[in-house]
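Comments concern the structure below.
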Amino acid sequence: EQLRDLGMAKTRFQIRITPEAKPTAAGMDEVEFLISPNPGEPLRPMASIASGGELSRIMLALRSVLNEKYGVGVSIYDEIDTGISGRTARKVGIKLRRIARCGQVICVTHSAQIASLADAQYRIEKHEVDGRAETSVRCLEPEERVDEIARILGGLDLTDSQRAAARELI
């Protein structure tokens with residue numbers, strides 16, 4: 001169900017647990033995630049066949065299930081938008097927003113579809129000060145947020161139509 005919500009309706013997912021002969025530092029079992037992202041394909045080890053976008057969505061689905069069952073105070077996602085399209089990014093953003101109902105979600109993204117669904121948006125910038133890189137983090141005001149979403153959507157020179165699209169996303 002979680003994978004279907006994230007645009008992976010035909011994906012099959014299975015967890016293979018193989019008991020170890022003797023206990024190891026990692027435990028008594030070997031655990032392997034198997035997936036078949038396409039119909040008619042056999043289940044294979046997720047680590048060897050999943051794309052970056054698929055891995056991001058599978059991990060988000062797992063985190064969603066665990067969060068619903070056990071509750072997680074803070075979830076951090078770093079560029080979960082890697083390898084996914086705008087429509088799928090919107091679905092990911094909606095899933096992140098649902099997770100945020102139960103705890104805090106921090107998401108580093110370059111996707112307007114995801115960023116536009118946030119309750120608050122921050123800009124992270126690097127500056128050179130006295131020959132050293134410094135990083136600043138600042139919460140964006142509503143109009144700055146519109147401009148930032150428009151910049152992600154469109155690029156160099158912001159236009160009224162890009163700002164209108166950003167407002168519609170937000």
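Residue numbering restarts at 1 in every chain; chains get A, B, ... in the order shown in the structure tokens, and ligands count up from 1 in that same order.
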message: So that I can check the surroundings of Asn67 (chain A), please list as number ranges by chain every protein, DNA and RNA residue that reaches within 9 Å of it, counting only C-alpha atoms and ignoring chain neighbours fewer than 4 positions away.
response: A: 62-63, 71-73, 99, 102-103
task: Mind listing the helix (DSSP H, G or I) residues of chain A, per DSSP on the backbone, as a PyMOL selection string?
output: chain A and resi 2-5+46-49+52-70+86-99+112-115+142-154+160-169
- request: Could you give me, as a PyMOL selection string, each residue of chain A that DSSP assigns to strand (DSSP E or B) when run on this structure's backbone?
  value: chain A and resi 12-24+27-36+44-45+74-78+104-108+122-129+132-139
task: Give me the residues within 12 Å of Glu148 (chain A) as JSON, numbers by chain, counting only C-alpha atoms and dropping any in the same chain fewer than 4 places off.
output: {"A": [109, 110, 111, 112, 115, 116, 121, 122, 123, 124, 139, 140, 141, 142, 143, 144, 152, 153, 154, 155, 156, 157, 158, 162, 163, 165, 166, 167, 169, 170]}
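Of the listed residues A:Glu128, A:Glu79, A:Glu68, A:Glu134, the one whose atoms come nearest to Val108 (chain A) is A:Glu79, with distances taken using only C-alpha atoms.
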field: Residue neighbourhood Phe13 (chain A), 8 Å, only C-alpha atoms, exclusion window fewer than 3 positions, as an NGL selection string
entry: :A and (33-36 or 43)
Could you write out that same residue set with N, CA and C atoms as a compact mmCIF listing (two decimals), in the first residue's frame?
```txt
# COMPACT_ATOMS: atom_id res chain seq x y z
N PHE A 33 16.53 -7.66 1.77
CA PHE A 33 15.33 -7.11 1.15
C PHE A 33 15.35 -7.48 -0.32
N LEU A 34 14.26 -8.05 -0.79
CA LEU A 34 14.13 -8.44 -2.19
C LEU A 34 13.01 -7.62 -2.83
N ILE A 35 13.23 -7.20 -4.08
CA ILE A 35 12.16 -6.48 -4.78
C ILE A 35 12.07 -6.96 -6.22
N SER A 36 10.90 -6.73 -6.77
CA SER A 36 10.65 -6.87 -8.19
C SER A 36 9.90 -5.61 -8.58
N LEU A 43 11.91 -11.73 -7.96
CA LEU A 43 12.43 -10.98 -6.82
C LEU A 43 13.95 -11.09 -6.82
```
message: I'd like the contact shell of Ser85 (chain A) - 10 Å cut-off, only C-alpha atoms, skipping same-chain residues fewer than 5 positions apart - returned as number ranges by chain.
response: A: 53, 90, 111, 113
